[in-house]
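Trainee: I'd like to ask some things about the structure below.
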Amino acid sequence: MNTSTTSRIPRWGRRMAAIALAGAVLGAAPAWGRRDAPSHATGAVIEIRRTTDGIPHIRATSWRGLGIGYGQAQAEDALCTLADAFVTFSGQRSLYFGAEAKPQTRSTFGTPANLDLDFFFQAFASADAVEALKREQPAELNELIAGFAEGYNRHVRALQAAPQRDGDAAPACADAPWVRTIGPKDIYRRMLAAGLAGGYTHFVAEIANAKPAAALPPAPSDKLSLSTRLDIPVGDAHGIGSNVLAFGQAATGERGGSVLFGNPHWYWGGPDRFYQAHLTLPGKMDVAGVSFLGIPVIMIGFNNDVAWSHTVSAARRFGMFDLTLDPADPTRYLVDGRSEPMRAQSLAVAVRRADGTVDLVHRTLYRTRFGPVVDLGARHAALGWSARKAVAIRDINADNPRIFRNFFRWDQARSLDEFIRIQREELAMPWVNTAAIGRGDGRAWYADIGAVPGVPDDLRAACATPLSKAFAALDPATPMLDGSRSACEWQSAKGAVQSGTLAADRMPSLLREDYVANMNDSFWLTNPAQPLTGFASVLGAEGRALSMRGREGHRIAGELAAAGETSSRGLAQRVMHKTLEARSYTADRFKSALLDAVCAPGQVELPAEESVSKARTRVDVQPACQVLRRWSNRADATDRGALLWDAFWSRVLKIPAKELYTQPFSATTPLTTPSGIHAADPRVARALAAAVEDMARKGWALDTPLGARRFVRSEGREVPLPGGCDGEGYFAIACANEGDYTMSDRSHGNTYLQVVYFDRRGVQAHTLLAHGERETAVRNGKGMAPVARYARKDWLRFPFREEDIARDPLLSRKALRP
């Protein structure tokens with residue numbers, strides 16, 4: 001994109017806020033904790049019932065009514081986050097927050113400058129993209145979407161009319177000019193943004209600022225190397241992902257019995273935060289679980305017949321094309337020897353200046369037949385837009401309108417077979433693996449079946465260029481093909497629902513009666529007894545070492561599958577306990593050997609370059625050795641030693657793996673290699689000494705309890721939390737990700753957890769929502785109850801059936817009249 005500033009708009013004023021918020025009150029104001037008459041007594045067709053921890057159960061007699069209830073419920077709990085998100089997806093952040101500022105919370109699109117985000121979403125969530133998405137949705141889903149927008153607006157208008165009722169203070173953003181009513185188009189934009197999380201949003205700034213033969217390539221919005229950035233499948237940090245375990249009848253010991261554990265490691269704040277709800281349209285849909293804020297369907301959850309969860313996939317959902325430019329014009333490129341013009345899309349973004357005036361900033365987005373141009377020159381010089389070369393990027397999900405249609409169908413699925421059939425028909429999953437179980441079905445399902453670029457390995461080999469070969473050294477998964485040949489466009493499967501995609505039978509899936517599992521490693525080792533092999537490399541690596549969290553996950557799964565249970569209920573109880581045990585796999589495997597070697601000398605010489613104080617020093621490591629030997633290798637809030645192990649192991653990991661481990665990784669023993677450790681390496685001793693020095697500098701005792709540092713502030717209290725980060729091999733994740741152990745709405749970790757099985761009554765589910773329903777819960781505001789529940793590992797038996805909802809001790813009802 002090229003940039004110029006023109007067209008001044010009249011002075012900014014608060015009148016804009018009044019116009020945006022004006023309108024009549026259409027619905028009841030929030031009634032948290034109040035018992036109203038049930039809907040059948042009032043004649044209302046929409047009812048929001050809240051149960052323990054504030055979980056909303058929305059019941060209606062029409063799709064539109066169901067959307068109204070869900071839109072209002074989300075707005076009651078997360079208005080400020082939603083309103084901010086709708087500004088983002090409409091490309092108006094610069095108008096309200098300024099061009100250079102960045103979003104305050106993290107998300108799948110990171111935290112680029114507002115101006116770059118505005119141009120990006122104007123380009124990829126445009127009116128044309130919205131209409132194209134809407135056309136492909138079933139009429140019922142479009143009704144649900146329209147209702148959601150209406151329900152959100154009801155709350156906005158009611159808040160304006162009466163900003164404080166029933167003792168519930170107005171949200172902090174209540175008077176902000178950017179809190180406005182919305183239309184269905186805002187929900188479609190939000191859906192489009194979710195689909196792009198595995199592709200274009202990796203490079204928002206590099207797409208939004210690309211311009212011909214730029215002297216200065218666009219600066220990336222993060223400090224990551226290109227290889228590191230490409231190694232993060234979704235989002236802005238390692239560890240954004242999930243765990244999933246699904247067990248069949250061989251593990252439950254019950255014919256037709258199965259258990260599912262789902263555990264996304266996701267954002268605790270921002271637009272992609274999960275929201276838990278139960279949606280019921282009698283005779284049509286009865287489903288519970290979570291969705292992203294602003295999404296009106298359940299994305300992870302269960303109904304009375306199926307349960308499912310997701311993990312972030314290792315497959316690439318995007319690819320690059322090496323363009324050869326026309327020597328006469330850097331906005332033209334050669335295909336099969338012919339010069340083709342790039343399609344120039346002119347865009348304008350309104351920017352509020354410091355003096356309150358508003359200007360228009362103009363840029364041009366350049367598109368090719370392969371996709372938009374991306375200028376990666378600031379990350380790698382060979383990948384910039386020069387006079388002769390450029391790179392285009394294609395995101396398979398930019399042309400995938402089926403994602404939420406798929407979820408809508410799953411929400412209503414009646415069997416595991418129907419669930420699997422929907423997944424194969426739609427080929428819609430955007431950037432996730434799927435695991436599922438069904439009522440009365442003793443099988444567990446895993447699949448990485450969805451929208452995947454049609455790049456078999458023979459096409460990749462035939463379309464390699466010198467640049468793509470160099471690129472493969474940085475990232476072997478992302479395909480870079482020769483853009484100068486039409487034969488190198490992505491291939492389409494016969495009868496494909498979308499051009500340029502792989503067929504379902506060329507993507508990995510597995511049905512097992514013992515277990516399937518994924519912890520964000522590739523599909524390869526879904527079950528160690530039946531490795532999945534022979535798939536295109538765009539789907540992820542085969543025969544590659546698992547993460548330490550992945551090895552811990554398989555250890556847990558294998559132990560549970562072999563426990564000798566005799567019922568799904570019994571196995572579910574074990575799963576609830578074991579998955580929150582918060583053991584450090586690295587400590588279990590390597591701690592004893594490391595301490596035996598490091599602790600014997602007692603004193604460790606630390607050179608100045610490795611010292612926190614930058615001065616040569618001798619460190620007594622004996623007290624640290626005593627703390628670590630006493631430590632249980634767990635990361636519960638009361639455990640002493642977890643903090644020290646984190647500081648030690650993070651430094652040990654800086655030693656290259658081939659020099660650290662005595663037994664390298666072997667694909668024949670993937671669950672136990674790499675193994676052994678060169679504990680006598682002097683760098684290991686220095687790592688412990690530096691950890692001790694660092695703890696002292698922070699003023700932390702070596703045996704400080706984990707919960708004294710890893711906590712979240714809620715309702716004026718510090719709530720200690722269990723868990724750790726990926727690198728230490730924890731299965732239960734809590735990761736502040738900013739060199740700070742305090743969890744907040746800028747952190748990621750365990751979010752929505754569910755353990756689901758079926759019995760003669762139907763679905764039985766236990767859930768936790770670590771960050772709570774309310775956006776304020778992890779900002780030291782209201783909503784602590786579910787956060788505290790998670791902290792004490794007190795699984796909530798989810799009230800799914802009507803009689804269970806009616807018995808809930810904290811039940812409140814709100815009737816919305818049409």
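Letters for chains follow the order of the structure tokens (A, B, ...), residue numbers begin at 1 for each chain, and ligand numbers begin at 1 in the order shown.
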What's around region 626-633 of chain A at 6 Å? Count only C-alpha atoms, leave out sequence neighbours fewer than 4 positions away in its own chain, and write the answer as a short mmCIF file (atom, residue, chain, number, x, y, z; two decimals) with all heavy atoms, in the first residue's frame.
Mentor:
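See selection_3.cif below for the written result:
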```cif
data_model
loop_
_atom_site.label_atom_id
_atom_site.label_comp_id
_atom_site.auth_asym_id
_atom_site.auth_seq_id
_atom_site.Cartn_x
_atom_site.Cartn_y
_atom_site.Cartn_z
N ARG A 583 1.92 -30.97 36.64
CA ARG A 583 3.27 -31.51 36.79
C ARG A 583 4.18 -30.95 35.71
O ARG A 583 3.77 -30.75 34.57
CB ARG A 583 3.26 -33.04 36.68
CG ARG A 583 2.50 -33.75 37.77
CD ARG A 583 2.79 -35.25 37.74
NE ARG A 583 4.16 -35.53 38.11
CZ ARG A 583 4.57 -35.73 39.37
NH1 ARG A 583 3.72 -35.64 40.37
NH2 ARG A 583 5.83 -35.98 39.62
N SER A 584 5.44 -30.72 36.06
CA SER A 584 6.43 -30.29 35.09
C SER A 584 7.10 -31.52 34.50
O SER A 584 7.83 -32.25 35.20
CB SER A 584 7.49 -29.41 35.76
OG SER A 584 8.59 -29.24 34.89
N ALA A 587 10.93 -31.36 34.77
CA ALA A 587 11.47 -31.65 36.10
C ALA A 587 11.42 -33.14 36.39
O ALA A 587 12.36 -33.71 36.96
CB ALA A 587 10.69 -30.86 37.16
N GLY A 641 9.40 -23.99 44.76
CA GLY A 641 10.42 -24.52 43.86
C GLY A 641 10.06 -24.33 42.40
O GLY A 641 10.94 -24.33 41.54
#
```
Trainee: Any chance you could list, as an MDAnalysis selection string, the residues in region 305-394 of chain A that come up strand (DSSP E) when DSSP is run on the backbone?
Mentor: chainID A and resid 306:312 318:326 329:335 338:341 343:352 358:367 389:394
Trainee: In terms of the shortest atom-to-atom distance over only C-alpha atoms, which of A:Thr228, A:Gln276, A:Ser567, A:Asn397 is closest to Ala193 (chain A)?
Mentor: A:Asn397
Trainee: If we count only C-alpha atoms and set the cut-off at 12 Å, which residues sit around Pro656 (chain A), ignoring sequence neighbours fewer than 4 positions away in its own chain? Please answer as a PyMOL selection string.
Mentor: chain A and resi 651-652+660-662+664+677-678+681+683-684
Trainee: As a ChimeraX atom specification, please: the residues near region 304-316 of chain A (cut-off 7 Å, only C-alpha atoms, same-chain neighbours under 6 positions excluded).
Mentor: /A:233,241-244,262,264,413-416,431-439,477-478,518-522,538-540,756,762-763
Trainee: Using only C-alpha atoms, find the one residue out of A:Gly253, A:Pro705, A:Gly749, A:Pro670 that sits nearest to Trp268 (chain A).
Mentor: A:Gly749
Trainee: From the options A:Leu117, A:Leu216, A:Ala169, A:Ala60, which residue's atoms come nearest to Met285 (chain A), counting only C-alpha atoms?
Mentor: A:Ala60
Trainee: Need to verify the contact set: region 766-774 of chain A, 8 Å, only C-alpha atoms, exclusion of same-chain residues closer than 4 positions in sequence. Can you return it as a ChimeraX atom specification?
Mentor: /A:53-55,77-78,268,275-276,750-756,778,782-787,789-791,794-798
Trainee: Taking only C-alpha atoms into account, produce a table as a Markdown table in which each residue of region 206-257 of chain A with an atom at most 9 Å from an atom of region 381-386 of chain A appears once, together with its shortest atom pair and the distance in Å to one decimal, ordered by chain and rising number.
Mentor:
```
| residue | atom | partner | partner_atom | distance |
| --- | --- | --- | --- | --- |
| A:Ala210 | CA | A:Trp385 | CA | 7.5 |
| A:Lys211 | CA | A:Trp385 | CA | 7.3 |
| A:Pro212 | CA | A:Trp385 | CA | 6.1 |
| A:Ala213 | CA | A:Ser386 | CA | 4.3 |
| A:Ala214 | CA | A:Trp385 | CA | 6.7 |
| A:Ala215 | CA | A:Ser386 | CA | 8.6 |
| A:Pro217 | CA | A:Gly384 | CA | 6.7 |
```
Trainee: Store the residues picked out above, limited to C-alpha atoms, as a JSON list (two decimals), in the first residue's frame.
Mentor:
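Result went into part.json, see below:
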```json
[["chain", "number", "residue", "atom", "x", "y", "z"],
["A", 210, "ALA", "CA", 3.33, -2.83, 1.01],
["A", 211, "LYS", "CA", 4.16, -0.47, -1.84],
["A", 212, "PRO", "CA", 6.18, -0.77, -5.05],
["A", 213, "ALA", "CA", 9.95, -0.79, -4.73],
["A", 214, "ALA", "CA", 9.88, 0.85, -1.31],
["A", 215, "ALA", "CA", 13.16, 2.26, -0.05],
["A", 217, "PRO", "CA", 10.20, -1.88, 3.90]]
```
Trainee: Write out as number ranges by chain each polymer residue whose atoms come within 12 Å of Glu340 (chain A), counting only C-alpha atoms; drop sequence neighbours fewer than 3 positions from it.
Mentor: A: 323-326, 328-337, 343, 367-370, 483-484, 486
Trainee: Excluding same-chain residues fewer than 2 positions from Phe86 (chain A), what lies within 8 Å of it counting only C-alpha atoms, as a list in words?
Mentor: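 Contacts, with the query itself left out: Leu82, Ala83, Asp84, Thr88, Phe89, Ser90, Ile182, Asp186 and Arg190 of chain A.
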Trainee: With distances taken over only C-alpha atoms, which of A:Leu95, A:Leu459, A:Leu511, A:Leu688 is nearest to Asp441 (chain A)?
Mentor: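 Smallest distance to Asp441 (chain A) is found for A:Leu511.
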Trainee: Region 643-698 of chain A: which residues are helix (DSSP H, G or I) by DSSP, as JSON, numbers by chain?
Mentor: {"A": [643, 644, 645, 646, 647, 648, 649, 650, 651, 652, 657, 658, 659, 660, 682, 683, 684, 685, 686, 687, 688, 689, 690, 691, 692, 693, 694, 695, 696, 697, 698]}
Trainee: Using only C-alpha atoms, which residue out of A:Val455, A:Val349, A:Val156, A:Val297 lies closest to Arg93 (chain A)?
Mentor: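 Comparing A:Val455, A:Val349, A:Val156, A:Val297 against Arg93 (chain A), the winner is A:Val349.
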Trainee: Mind pulling up the distance from CA of Ser107 (chain A) to CA of Gln74 (chain A)?
Mentor: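 A separation of 18.0 Å between them.
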Trainee: Go through A:Leu245, A:Leu644, A:Ala205, A:Leu502 and flag the residue nearest Phe731 (chain A), using only C-alpha atoms for the distances.
Mentor: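 Nearest candidate to Phe731 (chain A) out of A:Leu245, A:Leu644, A:Ala205, A:Leu502: A:Leu245.
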